file protein_12.txt (compact mmCIF, C-alpha atoms and all ligand atoms)
# COMPACT_ATOMS: atom_id res chain seq x y z
CA MET A 667 -6.16 -42.25 -0.45
CA LYS A 668 -4.32 -39.73 -2.65
CA PRO A 669 -6.35 -37.10 -4.45
CA GLU A 670 -5.84 -36.96 -8.20
CA LEU A 671 -4.15 -33.58 -8.08
CA PRO A 672 -1.45 -32.43 -5.65
CA PRO A 673 -2.14 -29.74 -3.00
CA ARG A 674 -2.68 -26.19 -4.09
CA ILE A 675 -0.82 -23.17 -2.75
CA ALA A 676 -2.29 -19.71 -3.29
CA VAL A 677 -0.14 -16.60 -3.02
CA LEU A 678 -2.28 -13.53 -2.29
CA LEU A 679 -1.01 -10.05 -3.10
CA ILE A 680 -3.04 -7.75 -0.88
CA ASN A 681 -3.47 -4.00 -1.11
CA LEU A 682 -5.65 -1.51 0.74
CA GLY A 683 -8.62 -1.30 -1.60
CA THR A 684 -10.28 1.21 -3.81
CA PRO A 685 -13.79 2.05 -5.07
CA ASP A 686 -15.49 0.11 -7.89
CA GLU A 687 -16.18 3.28 -9.86
CA PRO A 688 -15.21 6.96 -9.69
CA THR A 689 -18.74 7.95 -8.62
CA ALA A 690 -20.01 9.38 -5.32
CA PRO A 691 -22.15 6.29 -4.44
CA ALA A 692 -19.26 3.87 -5.12
CA VAL A 693 -16.81 6.04 -3.17
CA ARG A 694 -19.34 6.28 -0.31
CA ARG A 695 -19.60 2.45 -0.17
CA TYR A 696 -15.81 2.16 -0.12
CA LEU A 697 -15.27 4.91 2.48
CA ARG A 698 -18.03 3.48 4.70
CA GLN A 699 -16.27 0.12 4.86
CA PHE A 700 -12.74 1.59 5.17
CA LEU A 701 -13.55 4.27 7.73
CA SER A 702 -15.70 1.93 9.86
CA ASP A 703 -12.63 -0.17 10.62
CA PRO A 704 -11.56 0.51 14.23
CA ARG A 705 -7.94 -0.12 13.19
CA VAL A 706 -8.18 2.98 10.99
CA ILE A 707 -10.29 5.25 13.20
CA GLU A 708 -9.78 4.83 16.92
CA ILE A 709 -12.51 7.21 18.11
CA PRO A 710 -15.15 5.38 20.29
CA GLN A 711 -17.42 3.55 17.84
CA PHE A 712 -20.80 5.12 18.71
CA LEU A 713 -19.35 8.65 18.51
CA TRP A 714 -17.53 7.93 15.24
CA ALA A 715 -20.67 6.37 13.71
CA ILE A 716 -22.43 9.71 14.25
CA ILE A 717 -19.59 11.80 12.78
CA LEU A 718 -19.14 9.39 9.85
CA ASN A 719 -22.83 9.32 8.92
CA LEU A 720 -23.62 12.99 9.58
CA PHE A 721 -20.48 14.77 8.44
CA VAL A 722 -18.10 12.57 6.43
CA LEU A 723 -20.25 10.36 4.18
CA PRO A 724 -22.74 13.03 3.01
CA SER A 725 -20.05 15.38 1.64
CA ARG A 726 -16.63 13.76 1.16
CA PRO A 727 -17.54 11.11 -1.50
CA LYS A 728 -18.45 13.72 -4.15
CA ARG A 729 -15.11 15.54 -3.87
CA VAL A 730 -13.10 12.31 -3.62
CA ALA A 731 -15.01 10.79 -6.60
CA GLU A 732 -13.93 13.77 -8.72
CA ALA A 733 -10.32 13.17 -7.70
CA TYR A 734 -10.68 9.48 -8.63
CA ALA A 735 -12.26 10.43 -11.98
CA SER A 736 -9.15 12.52 -12.79
CA ILE A 737 -6.86 9.46 -12.48
CA TRP A 738 -9.25 6.63 -13.54
CA ASP A 739 -7.73 4.41 -16.23
CA GLY A 740 -10.58 2.06 -17.23
CA ASP A 741 -10.40 0.93 -13.59
CA SER A 742 -8.78 2.26 -10.45
CA PRO A 743 -4.98 2.49 -10.94
CA MET A 744 -4.44 0.52 -7.73
CA ARG A 745 -6.52 -2.43 -9.04
CA ASN A 746 -4.94 -2.29 -12.52
CA ILE A 747 -1.44 -2.33 -11.04
CA LEU A 748 -2.22 -5.08 -8.50
CA ASN A 749 -3.59 -7.25 -11.34
CA GLY A 750 -0.43 -6.52 -13.37
CA GLN A 751 1.76 -7.55 -10.42
CA VAL A 752 -0.21 -10.81 -10.09
CA GLU A 753 0.21 -11.58 -13.80
CA LYS A 754 3.95 -11.00 -13.69
CA LEU A 755 4.47 -13.09 -10.56
CA GLN A 756 2.30 -16.08 -11.60
CA PRO A 757 4.67 -17.72 -14.14
CA ARG A 758 7.68 -17.16 -11.88
CA LEU A 759 6.11 -18.83 -8.84
CA ALA A 760 4.42 -21.63 -10.77
CA LYS A 761 7.90 -23.01 -11.42
CA SER A 762 9.12 -22.86 -7.81
CA ALA A 763 7.00 -25.56 -6.23
CA ALA A 764 6.27 -28.15 -8.90
CA PRO A 765 4.59 -30.67 -8.68
CA PHE A 766 2.49 -28.63 -6.25
CA ARG A 767 0.24 -26.12 -7.95
CA VAL A 768 0.84 -22.48 -7.14
CA SER A 769 -1.45 -19.70 -8.22
CA VAL A 770 -1.22 -15.96 -7.54
CA HIS A 771 -4.28 -13.78 -6.78
CA SER A 772 -5.14 -10.23 -5.89
CA ALA A 773 -7.14 -9.24 -2.82
CA MET A 774 -8.08 -6.03 -1.04
CA SER A 775 -8.74 -5.12 2.60
CA TYR A 776 -11.69 -2.91 1.54
CA GLY A 777 -13.76 -3.03 -1.64
CA ASN A 778 -13.28 -5.64 -4.34
CA PRO A 779 -11.95 -8.26 -4.62
CA GLY A 780 -12.37 -8.55 -0.84
CA LEU A 781 -9.93 -10.80 1.02
CA PRO A 782 -12.53 -13.11 2.69
CA ASP A 783 -14.34 -13.66 -0.63
CA VAL A 784 -11.07 -14.53 -2.37
CA MET A 785 -10.13 -16.98 0.40
CA ASP A 786 -13.61 -18.60 0.32
CA ALA A 787 -13.45 -19.09 -3.45
CA LEU A 788 -9.94 -20.53 -3.38
CA ARG A 789 -10.75 -22.88 -0.51
CA LYS A 790 -13.71 -24.21 -2.54
CA GLU A 791 -11.32 -24.78 -5.44
CA GLY A 792 -9.13 -26.91 -3.14
CA VAL A 793 -6.41 -24.53 -1.95
CA ASP A 794 -4.67 -25.91 1.15
CA HIS A 795 -1.98 -23.29 1.73
CA PHE A 796 -2.16 -19.51 1.72
CA VAL A 797 0.90 -17.29 1.50
CA MET A 798 -0.28 -13.73 2.14
CA LEU A 799 1.72 -10.70 1.18
CA PRO A 800 0.19 -7.40 2.28
CA LEU A 801 1.95 -4.98 -0.06
CA PHE A 802 2.59 -2.41 2.68
CA PRO A 803 6.38 -2.18 2.94
CA GLN A 804 6.22 -0.60 6.41
CA TYR A 805 3.95 -2.36 8.94
CA SER A 806 1.25 -0.22 10.53
CA ALA A 807 -1.66 -1.44 12.65
CA THR A 808 -3.85 0.71 10.37
CA SER A 809 -2.87 -1.09 7.15
CA THR A 810 -1.14 -4.46 7.72
CA GLY A 811 -2.90 -4.95 11.07
CA ALA A 812 -6.24 -4.76 9.27
CA VAL A 813 -5.15 -7.64 6.99
CA TYR A 814 -4.32 -9.81 10.02
CA ASP A 815 -7.78 -8.95 11.41
CA ALA A 816 -9.52 -9.95 8.19
CA VAL A 817 -7.69 -13.30 8.11
CA THR A 818 -8.51 -13.91 11.78
CA LYS A 819 -12.21 -13.10 11.25
CA TRP A 820 -12.31 -15.42 8.23
CA SER A 821 -10.57 -18.17 10.24
CA LEU A 822 -13.22 -18.03 12.97
CA LYS A 823 -15.73 -19.37 10.43
CA GLN A 824 -13.60 -22.32 9.26
CA ARG A 825 -13.62 -25.80 10.72
CA ASN A 826 -10.74 -27.27 8.69
CA LEU A 827 -8.20 -24.44 8.60
CA PRO A 828 -5.65 -24.24 5.80
CA ASN A 829 -1.95 -23.48 6.32
CA MET A 830 -1.49 -19.71 6.41
CA THR A 831 1.48 -17.39 6.55
CA ILE A 832 1.35 -13.61 6.48
CA VAL A 833 4.46 -11.60 5.67
CA LYS A 834 4.52 -8.73 8.18
CA ASP A 835 6.53 -6.27 6.10
CA TYR A 836 9.80 -5.66 4.27
CA PHE A 837 10.84 -2.07 5.05
CA ALA A 838 14.58 -2.84 5.03
CA HIS A 839 14.72 -5.81 2.65
CA PRO A 840 17.85 -5.39 0.47
CA LEU A 841 15.85 -5.98 -2.74
CA TYR A 842 13.29 -3.33 -1.74
CA ILE A 843 15.99 -0.76 -0.96
CA LYS A 844 17.77 -1.63 -4.21
CA ALA A 845 14.56 -1.39 -6.27
CA LEU A 846 13.86 2.09 -4.84
CA ALA A 847 17.45 3.33 -5.27
CA ASP A 848 17.63 1.99 -8.86
CA SER A 849 14.29 3.56 -9.72
CA ILE A 850 15.47 6.96 -8.42
CA ARG A 851 18.78 6.64 -10.31
CA ARG A 852 16.95 5.77 -13.55
CA PHE A 853 14.57 8.72 -13.07
CA GLN A 854 17.51 11.10 -12.48
CA GLU A 855 19.33 9.86 -15.59
CA LYS A 856 16.35 11.29 -17.53
CA HIS A 857 15.42 14.36 -15.47
CA GLY A 858 18.68 15.33 -13.74
CA LYS A 859 19.28 15.63 -9.99
CA PRO A 860 17.07 17.93 -7.89
CA GLU A 861 18.16 20.22 -5.09
CA LYS A 862 16.06 18.14 -2.70
CA LEU A 863 14.79 14.56 -2.74
CA MET A 864 11.68 14.12 -0.62
CA PHE A 865 10.57 10.71 0.73
CA SER A 866 6.88 11.33 1.40
CA PHE A 867 5.07 8.52 3.26
CA HIS A 868 1.34 8.18 3.92
CA GLY A 869 0.93 9.47 7.49
CA ILE A 870 -0.84 8.11 10.55
CA PRO A 871 -2.24 10.09 13.50
CA GLN A 872 0.51 10.98 16.03
CA PRO A 873 -1.37 9.33 18.98
CA TYR A 874 -1.24 5.97 17.13
CA ALA A 875 2.56 6.27 16.95
CA ASP A 876 2.70 7.36 20.61
CA LYS A 877 0.79 4.21 21.56
CA GLY A 878 3.37 2.02 19.81
CA ASP A 879 2.60 1.81 16.10
CA PRO A 880 6.11 1.24 14.69
CA TYR A 881 5.25 2.63 11.24
CA PRO A 882 7.04 6.03 11.41
CA LYS A 883 10.29 4.41 12.61
CA ARG A 884 10.11 1.90 9.79
CA CYS A 885 9.55 4.72 7.26
CA LYS A 886 12.61 6.54 8.59
CA CYS A 887 14.67 3.37 8.27
CA THR A 888 13.59 2.82 4.65
CA ALA A 889 14.34 6.42 3.67
CA ALA A 890 17.73 6.49 5.42
CA GLN A 891 18.79 3.25 3.73
CA VAL A 892 17.80 4.48 0.27
CA ALA A 893 19.54 7.84 0.87
CA HIS A 894 22.64 5.92 1.96
CA ALA A 895 22.49 3.69 -1.13
CA LEU A 896 22.35 6.84 -3.27
CA GLY A 897 25.24 8.49 -1.37
CA LEU A 898 23.10 11.53 -0.44
CA SER A 899 24.27 13.98 2.22
CA ALA A 900 21.85 15.02 5.01
CA ASP A 901 20.86 18.32 3.36
CA GLU A 902 19.92 16.65 0.06
CA TRP A 903 16.93 14.63 1.31
CA ILE A 904 14.07 14.73 3.78
CA ILE A 905 11.36 12.41 5.09
CA SER A 906 7.80 13.72 5.37
CA PHE A 907 4.23 12.45 5.81
CA GLN A 908 1.19 13.15 3.63
CA SER A 909 -2.58 12.42 3.33
CA ARG A 910 -3.81 13.82 6.66
CA PHE A 911 -7.43 13.03 7.45
CA GLY A 912 -9.46 14.62 10.24
CA LYS A 913 -8.52 17.24 12.79
CA GLN A 914 -6.03 15.51 15.08
CA GLU A 915 -2.26 15.86 14.86
CA TRP A 916 -0.55 13.45 12.44
CA VAL A 917 3.11 12.43 12.34
CA LYS A 918 5.33 15.26 11.15
CA PRO A 919 6.78 16.92 9.17
CA TYR A 920 3.83 17.34 6.82
CA THR A 921 4.65 17.03 3.11
CA ASP A 922 2.56 20.03 1.99
CA VAL A 923 3.95 22.28 4.76
CA VAL A 924 7.57 21.44 3.89
CA LEU A 925 6.93 22.06 0.18
CA LYS A 926 5.43 25.47 0.98
CA GLU A 927 8.39 26.37 3.21
CA TRP A 928 10.88 25.22 0.59
CA GLY A 929 9.17 27.16 -2.20
CA ALA A 930 9.21 30.31 -0.05
CA ALA A 931 12.83 29.75 0.99
CA GLY A 932 14.05 29.65 -2.61
CA VAL A 933 14.44 25.89 -3.13
CA ARG A 934 14.12 25.57 -6.91
CA SER A 935 13.78 21.86 -7.67
CA VAL A 936 12.26 18.91 -5.85
CA GLN A 937 11.77 15.26 -6.69
CA ILE A 938 9.31 13.34 -4.56
CA ILE A 939 8.93 9.59 -4.10
CA SER A 940 6.44 7.76 -1.90
CA PRO A 941 7.94 4.43 -0.80
CA ALA A 942 4.94 3.40 1.35
CA PHE A 943 2.92 2.73 -1.80
CA SER A 944 3.59 -0.45 -3.75
CA ALA A 945 1.23 0.79 -6.45
CA ASP A 946 0.38 4.25 -7.67
CA CYS A 947 -3.02 5.32 -6.39
CA LEU A 948 -5.13 8.33 -5.53
CA GLU A 949 -2.65 9.45 -2.89
CA THR A 950 0.24 9.57 -5.36
CA LEU A 951 -1.29 10.30 -8.79
CA GLU A 952 -3.62 13.02 -7.51
CA GLU A 953 -2.31 14.25 -4.14
CA LEU A 954 1.43 14.13 -4.89
CA ALA A 955 1.61 14.49 -8.66
CA ILE A 956 -1.11 17.19 -8.99
CA GLU A 957 -2.05 18.88 -5.67
CA ASN A 958 1.37 19.08 -4.04
CA ARG A 959 2.99 20.12 -7.30
CA GLU A 960 0.72 23.17 -7.31
CA THR A 961 1.55 23.84 -3.65
CA PHE A 962 5.31 23.91 -4.38
CA LEU A 963 5.08 25.94 -7.60
CA HIS A 964 2.68 28.50 -6.07
CA ALA A 965 5.04 28.94 -3.14
CA GLY A 966 7.85 29.90 -5.53
CA GLY A 967 9.42 26.56 -6.53
CA GLN A 968 10.45 26.07 -10.17
CA GLU A 969 10.66 22.36 -10.90
CA TYR A 970 8.72 19.49 -9.33
CA HIS A 971 8.77 15.83 -10.33
CA TYR A 972 6.92 12.86 -8.87
CA ILE A 973 8.89 9.58 -9.16
CA PRO A 974 6.40 6.70 -9.76
CA ALA A 975 5.85 3.84 -7.30
CA LEU A 976 7.60 0.52 -7.99
CA ASN A 977 4.36 -0.84 -9.53
CA MET A 978 5.22 -3.59 -12.05
CA ASP A 979 8.98 -2.88 -12.26
CA ASP A 980 10.95 -6.11 -12.68
CA ALA A 981 12.97 -5.22 -9.57
CA HIS A 982 9.72 -4.97 -7.60
CA ILE A 983 8.53 -8.38 -8.85
CA ASP A 984 12.01 -9.78 -7.96
CA LEU A 985 11.42 -8.56 -4.40
CA ILE A 986 7.90 -10.03 -4.15
CA GLU A 987 9.16 -13.31 -5.62
CA ALA A 988 12.01 -13.37 -3.06
CA LEU A 989 9.51 -12.85 -0.21
CA ALA A 990 7.09 -15.54 -1.41
CA THR A 991 9.39 -18.26 -2.73
CA PRO A 992 10.83 -19.62 0.55
CA LEU A 993 7.32 -19.78 2.02
CA VAL A 994 5.92 -21.57 -1.01
CA LYS A 995 8.85 -23.99 -1.10
CA GLY A 996 8.67 -24.60 2.63
CA TRP A 997 5.15 -25.85 2.23
CA ALA A 998 5.56 -27.69 -1.00
CA GLY A 999 6.79 -30.67 1.03
CA THR A 1000 3.96 -30.90 3.55
CA LEU A 1001 1.30 -33.55 3.25
CA ASP A 1002 -1.69 -31.52 4.37
CA GLY A 1003 -3.48 -31.46 1.05
CA TRP A 1004 -3.09 -35.19 0.49
CA ALA A 1005 -5.28 -36.29 3.37
C1 LIG A 1101 -7.43 7.91 9.79
C2 LIG A 1101 -7.45 7.74 8.52
C3 LIG A 1101 -6.44 7.02 7.73
C4 LIG A 1101 -5.33 6.26 8.14
C5 LIG A 1101 -4.82 5.98 9.53
C6 LIG A 1101 -4.71 5.76 6.94
C7 LIG A 1101 -3.58 4.96 6.89
C8 LIG A 1101 -3.03 4.44 5.74
N1 LIG A 1101 -3.56 4.50 4.44
C9 LIG A 1101 -2.68 3.87 3.56
C10 LIG A 1101 -2.83 3.76 2.18
C11 LIG A 1101 -3.81 4.39 1.40
N2 LIG A 1101 -4.79 5.23 1.85
C12 LIG A 1101 -5.55 5.63 0.77
C13 LIG A 1101 -6.65 6.46 0.81
C14 LIG A 1101 -7.22 6.97 1.97
N3 LIG A 1101 -6.71 6.95 3.26
C15 LIG A 1101 -7.60 7.52 4.13
C16 LIG A 1101 -7.48 7.64 5.51
C17 LIG A 1101 -6.49 6.99 6.30
N4 LIG A 1101 -5.46 6.22 5.87
C18 LIG A 1101 -8.74 7.94 3.35
C19 LIG A 1101 -9.96 8.60 3.92
C20 LIG A 1101 -8.51 7.58 2.03
C21 LIG A 1101 -9.47 7.70 0.84
C22 LIG A 1101 -9.31 8.88 0.04
C23 LIG A 1101 -9.85 10.06 0.77
O1 LIG A 1101 -11.05 10.06 1.16
O2 LIG A 1101 -9.06 10.97 0.99
C24 LIG A 1101 -5.04 5.03 -0.41
C25 LIG A 1101 -5.54 5.24 -1.84
C26 LIG A 1101 -6.58 4.25 -2.29
C27 LIG A 1101 -6.91 4.37 -3.78
O3 LIG A 1101 -8.01 3.97 -4.14
O4 LIG A 1101 -6.12 4.82 -4.60
C28 LIG A 1101 -3.97 4.25 -0.03
C29 LIG A 1101 -3.11 3.39 -0.90
C30 LIG A 1101 -1.59 3.37 4.34
C31 LIG A 1101 -0.41 2.62 3.75
C32 LIG A 1101 -1.81 3.72 5.67
C33 LIG A 1101 -0.99 3.44 6.85
C34 LIG A 1101 0.28 3.34 6.90
FE FE A 1102 -4.94 6.03 3.82
FE FE A 1103 -5.25 12.09 -0.01
call {"tool": "encode", "arguments": {"input": "protein_12.txt", "output": "structure tokens"}}
result
Amino acid sequence: MKPELPPRIAVLLINLGTPDEPTAPAVRRYLRQFLSDPRVIEIPQFLWAIILNLFVLPSRPKRVAEAYASIWDGDSPMRNILNGQVEKLQPRLAKSAAPFRVSVHSAMSYGNPGLPDVMDALRKEGVDHFVMLPLFPQYSATSTGAVYDAVTKWSLKQRNLPNMTIVKDYFAHPLYIKALADSIRRFQEKHGKPEKLMFSFHGIPQPYADKGDPYPKRCKCTAAQVAHALGLSADEWIISFQSRFGKQEWVKPYTDVVLKEWGAAGVRSVQIISPAFSADCLETLEELAIENRETFLHAGGQEYHYIPALNMDDAHIDLIEALATPLVKGWAGTLDGWA
């Protein structure tokens, strides 16, 4: 017997997650969930639980909440931008799979809206197919891997599983490279060309890379392709890694160290872009646009500009649409939801 309405396909745009409010208790809740994930912190669990509860969670949330408060825009920028991306993608994808019904939703690995809650709610509404797009352009076990884990944990509780596809990443997708290169060109039409263009990626601990996390190699590939598209010579750009956390060694070179060295060495102007972030967030709006600016200027630099993330740029939505459309269309012909 046919149901009255055709099967439903849900496209989920997934980002890392962010606190509910820029307050110490809300940041503590968020950090507790985030930093308890063994994908993120690989220290033996019992030992880490002690460090987290005795040293990290009593002090860090207050300082981090102040940083969030300085960039808060009615809500966390990451959530605002993710919602904006969903709104722009919805009408485009709704057309692709008619008569099947496609809807686009936001979800987060940590905090709200949490991925398992979103999947539960959509399943109750009759969704039969999930297309999941973690918006991490370069796969890392610490970011994308955690999304796979969340989906797997959710699946363990389901008897009648839906269709599910997860897009691993898109670090060298031509539309991603083009969107970044065009965004840099547009920015430089307004602000001129700098002496140095810095591609600063969120870092990971060096031992994670040594054990096989492919993230740093993917970052290098993205940066080299964008530099090539812009026709930059080797001395005009650099790749670096930011946002260190904890005492161990992280992948190098470190963004703040390079900026200090450049300032001291007489480099006058720098533009910095952070291609690992699909949405501006604490790590870009506060760490790159405010903190690292001060680092460079104090070291002797003259001009420092942060180039925004792709956020809701049309070229970014073109890329996300190109990633999702074949998966949506591929499923639009299956019969799963009819039986
Ligand atoms: C060991 C710790 C961390 C790893 C590994 C890590 C990887 C990683 N993170 C992102 C993206 C984001 N991280 C953000 C914030 C953030 N990251 C860590 C730690 C690790 N990240 C912490 C503790 C925090 C919270 C802020 C702080 O306490 O300093 C954010 C910003 C979220 C926001 O609300 O704006 C993003 C985005 C990636 C892509 C990644 C691996 C590649
Ligand atoms: Fe992080
Ligand atoms: Fe940071």
call {"tool": "residues_around", "arguments": {"input": "protein_12.txt", "residues": "Pro828 of chain A", "least_positions_apart": "2", "cutoff": "12 Å", "atoms": "only C-alpha atoms", "output": "list of chain:residue names"}}
result
A:Pro673, A:Arg674, A:Ile675, A:Ala676, A:Met785, A:Asp786, A:Leu788, A:Arg789, A:Lys790, A:Gly792, A:Val793, A:Asp794, A:His795, A:Phe796, A:Val797, A:Val817, A:Trp820, A:Ser821, A:Gln824, A:Arg825, A:Asn826, A:Met830, A:Thr831, A:Trp997, A:Thr1000, A:Leu1001, A:Asp1002, A:Gly1003
call {"tool": "write_last_selection", "arguments": {"input": "protein_12.txt", "atoms": "C-alpha atoms", "output": "PDB file, keeping the file's coordinate frame"}}
result
ATOM      1  CA  PRO A 673      -2.140 -29.740  -3.000  1.00  0.00           C
ATOM      2  CA  ARG A 674      -2.680 -26.190  -4.090  1.00  0.00           C
ATOM      3  CA  ILE A 675      -0.820 -23.170  -2.750  1.00  0.00           C
ATOM      4  CA  ALA A 676      -2.290 -19.710  -3.290  1.00  0.00           C
ATOM      5  CA  MET A 785     -10.130 -16.980   0.400  1.00  0.00           C
ATOM      6  CA  ASP A 786     -13.610 -18.600   0.320  1.00  0.00           C
ATOM      7  CA  LEU A 788      -9.940 -20.530  -3.380  1.00  0.00           C
ATOM      8  CA  ARG A 789     -10.750 -22.880  -0.510  1.00  0.00           C
ATOM      9  CA  LYS A 790     -13.710 -24.210  -2.540  1.00  0.00           C
ATOM     10  CA  GLY A 792      -9.130 -26.910  -3.140  1.00  0.00           C
ATOM     11  CA  VAL A 793      -6.410 -24.530  -1.950  1.00  0.00           C
ATOM     12  CA  ASP A 794      -4.670 -25.910   1.150  1.00  0.00           C
ATOM     13  CA  HIS A 795      -1.980 -23.290   1.730  1.00  0.00           C
ATOM     14  CA  PHE A 796      -2.160 -19.510   1.720  1.00  0.00           C
ATOM     15  CA  VAL A 797       0.900 -17.290   1.500  1.00  0.00           C
ATOM     16  CA  VAL A 817      -7.690 -13.300   8.110  1.00  0.00           C
ATOM     17  CA  TRP A 820     -12.310 -15.420   8.230  1.00  0.00           C
ATOM     18  CA  SER A 821     -10.570 -18.170  10.240  1.00  0.00           C
ATOM     19  CA  GLN A 824     -13.600 -22.320   9.260  1.00  0.00           C
ATOM     20  CA  ARG A 825     -13.620 -25.800  10.720  1.00  0.00           C
ATOM     21  CA  ASN A 826     -10.740 -27.270   8.690  1.00  0.00           C
ATOM     22  CA  MET A 830      -1.490 -19.710   6.410  1.00  0.00           C
ATOM     23  CA  THR A 831       1.480 -17.390   6.550  1.00  0.00           C
ATOM     24  CA  TRP A 997       5.150 -25.850   2.230  1.00  0.00           C
ATOM     25  CA  THR A1000       3.960 -30.900   3.550  1.00  0.00           C
ATOM     26  CA  LEU A1001       1.300 -33.550   3.250  1.00  0.00           C
ATOM     27  CA  ASP A1002      -1.690 -31.520   4.370  1.00  0.00           C
ATOM     28  CA  GLY A1003      -3.480 -31.460   1.050  1.00  0.00           C
TER      29      GLY A1003
END
call {"tool": "residues_near_ligand", "arguments": {"input": "protein_12.txt", "ligand": "ligand FE 1102 (chain A)", "cutoff": "8 Å", "atoms": "all atoms listed in the file", "output": "PDB file with C-alpha atoms, in the frame of the given file"}}
result
ATOM      1  CA  HIS A 868       1.340   8.180   3.920  1.00  0.00           C
ATOM      2  CA  GLY A 869       0.930   9.470   7.490  1.00  0.00           C
ATOM      3  CA  SER A 909      -2.580  12.420   3.330  1.00  0.00           C
ATOM      4  CA  GLU A 949      -2.650   9.450  -2.890  1.00  0.00           C
TER       5      GLU A 949
END
call {"tool": "closest_atom_pairs", "arguments": {"input": "protein_12.txt", "of": "chain A", "to": "ligand LIG 1101 (chain A)", "cutoff": "8 Å", "atoms": "all atoms listed in the file", "output": "CSV"}}
result
residue,atom,partner,partner_atom,distance
A:Asn681,CA,A:LIG1101,C29,7.4
A:Leu682,CA,A:LIG1101,C29,5.8
A:Gly683,CA,A:LIG1101,O3,5.9
A:Thr684,CA,A:LIG1101,O3,3.6
A:Pro685,CA,A:LIG1101,O3,6.2
A:Leu697,CA,A:LIG1101,C19,6.6
A:Phe700,CA,A:LIG1101,C19,7.6
A:Leu701,CA,A:LIG1101,C19,6.8
A:Arg705,CA,A:LIG1101,C5,7.8
A:Val706,CA,A:LIG1101,C5,4.7
A:Ile707,CA,A:LIG1101,C1,5.2
A:Arg726,CA,A:LIG1101,O1,6.7
A:Pro727,CA,A:LIG1101,O1,7.1
A:Val730,CA,A:LIG1101,O1,5.7
A:Tyr734,CA,A:LIG1101,O3,7.6
A:Ser742,CA,A:LIG1101,O3,6.6
A:Pro743,CA,A:LIG1101,O4,6.9
A:Met744,CA,A:LIG1101,O4,5.6
A:Phe802,CA,A:LIG1101,C31,6.0
A:Gln804,CA,A:LIG1101,C34,7.1
A:Tyr805,CA,A:LIG1101,C34,7.1
A:Ser806,CA,A:LIG1101,C34,5.2
A:Ala807,CA,A:LIG1101,C33,7.6
A:Thr808,CA,A:LIG1101,C33,5.3
A:Ser809,CA,A:LIG1101,C33,4.9
A:Thr810,CA,A:LIG1101,C33,7.9
A:Phe867,CA,A:LIG1101,C34,7.9
A:His868,CA,A:LIG1101,C30,5.6
A:Gly869,CA,A:LIG1101,C34,6.2
A:Ile870,CA,A:LIG1101,C5,4.6
A:Pro871,CA,A:LIG1101,C5,6.3
A:Tyr881,CA,A:LIG1101,C34,6.6
A:Ser909,CA,A:LIG1101,N3,6.9
A:Arg910,CA,A:LIG1101,C16,7.3
A:Phe911,CA,A:LIG1101,C2,5.4
A:Gly912,CA,A:LIG1101,C1,7.0
A:Ala942,CA,A:LIG1101,C31,5.9
A:Phe943,CA,A:LIG1101,C29,6.1
A:Ala945,CA,A:LIG1101,C29,7.5
A:Asp946,CA,A:LIG1101,O4,7.2
A:Cys947,CA,A:LIG1101,O4,3.6
A:Leu948,CA,A:LIG1101,O4,3.8
A:Glu949,CA,A:LIG1101,C25,5.2
A:Thr950,CA,A:LIG1101,O4,8.0
call {"tool": "residues_around", "arguments": {"input": "protein_12.txt", "residues": "Leu898 of chain A", "least_positions_apart": "4", "cutoff": "12 Å", "atoms": "all atoms listed in the file", "output": "JSON, numbers by chain"}}
result
{"A": [847, 850, 851, 859, 860, 861, 862, 863, 864, 889, 890, 891, 892, 893, 894, 902, 903, 904]}
call {"tool": "atom_distance", "arguments": {"input": "protein_12.txt", "atom1": "atom CA of Ala733 of chain A", "atom2": "atom CA of Lys918 of chain A"}}
result
24.6 Å
call {"tool": "closest_residue", "arguments": {"input": "protein_12.txt", "among": "A:Val770, A:Ala812, A:Leu954, A:Val933", "to": "Thr921 of chain A", "atoms": "all atoms listed in the file"}}
result
A:Leu954
call {"tool": "closest_residue", "arguments": {"input": "protein_12.txt", "among": "A:Glu953, A:His982, A:Asn958, A:Ala731", "to": "ligand FE 1103 (chain A)", "atoms": "all atoms listed in the file"}}
result
A:Glu953
call {"tool": "atom_distance", "arguments": {"input": "protein_12.txt", "atom1": "atom CA of Leu748 of chain A", "atom2": "atom CA of Asp703 of chain A"}}
result
22.3 Å
call {"tool": "residues_around", "arguments": {"input": "protein_12.txt", "residues": "segment 960-963 of chain A", "least_positions_apart": "4", "cutoff": "10 Å", "atoms": "all atoms listed in the file", "output": "number ranges by chain"}}
result
A: 922-930, 933-936, 953-956, 967-970
call {"tool": "write_last_selection", "arguments": {"input": "protein_12.txt", "atoms": "C-alpha atoms", "output": "short mmCIF file (atom, residue, chain, number, x, y, z; two decimals), keeping the file's coordinate frame"}}
result
data_model
loop_
_atom_site.label_atom_id
_atom_site.label_comp_id
_atom_site.auth_asym_id
_atom_site.auth_seq_id
_atom_site.Cartn_x
_atom_site.Cartn_y
_atom_site.Cartn_z
CA ASP A 922 2.56 20.03 1.99
CA VAL A 923 3.95 22.28 4.76
CA VAL A 924 7.57 21.44 3.89
CA LEU A 925 6.93 22.06 0.18
CA LYS A 926 5.43 25.47 0.98
CA GLU A 927 8.39 26.37 3.21
CA TRP A 928 10.88 25.22 0.59
CA GLY A 929 9.17 27.16 -2.20
CA ALA A 930 9.21 30.31 -0.05
CA VAL A 933 14.44 25.89 -3.13
CA ARG A 934 14.12 25.57 -6.91
CA SER A 935 13.78 21.86 -7.67
CA VAL A 936 12.26 18.91 -5.85
CA GLU A 953 -2.31 14.25 -4.14
CA LEU A 954 1.43 14.13 -4.89
CA ALA A 955 1.61 14.49 -8.66
CA ILE A 956 -1.11 17.19 -8.99
CA GLY A 967 9.42 26.56 -6.53
CA GLN A 968 10.45 26.07 -10.17
CA GLU A 969 10.66 22.36 -10.90
CA TYR A 970 8.72 19.49 -9.33
#
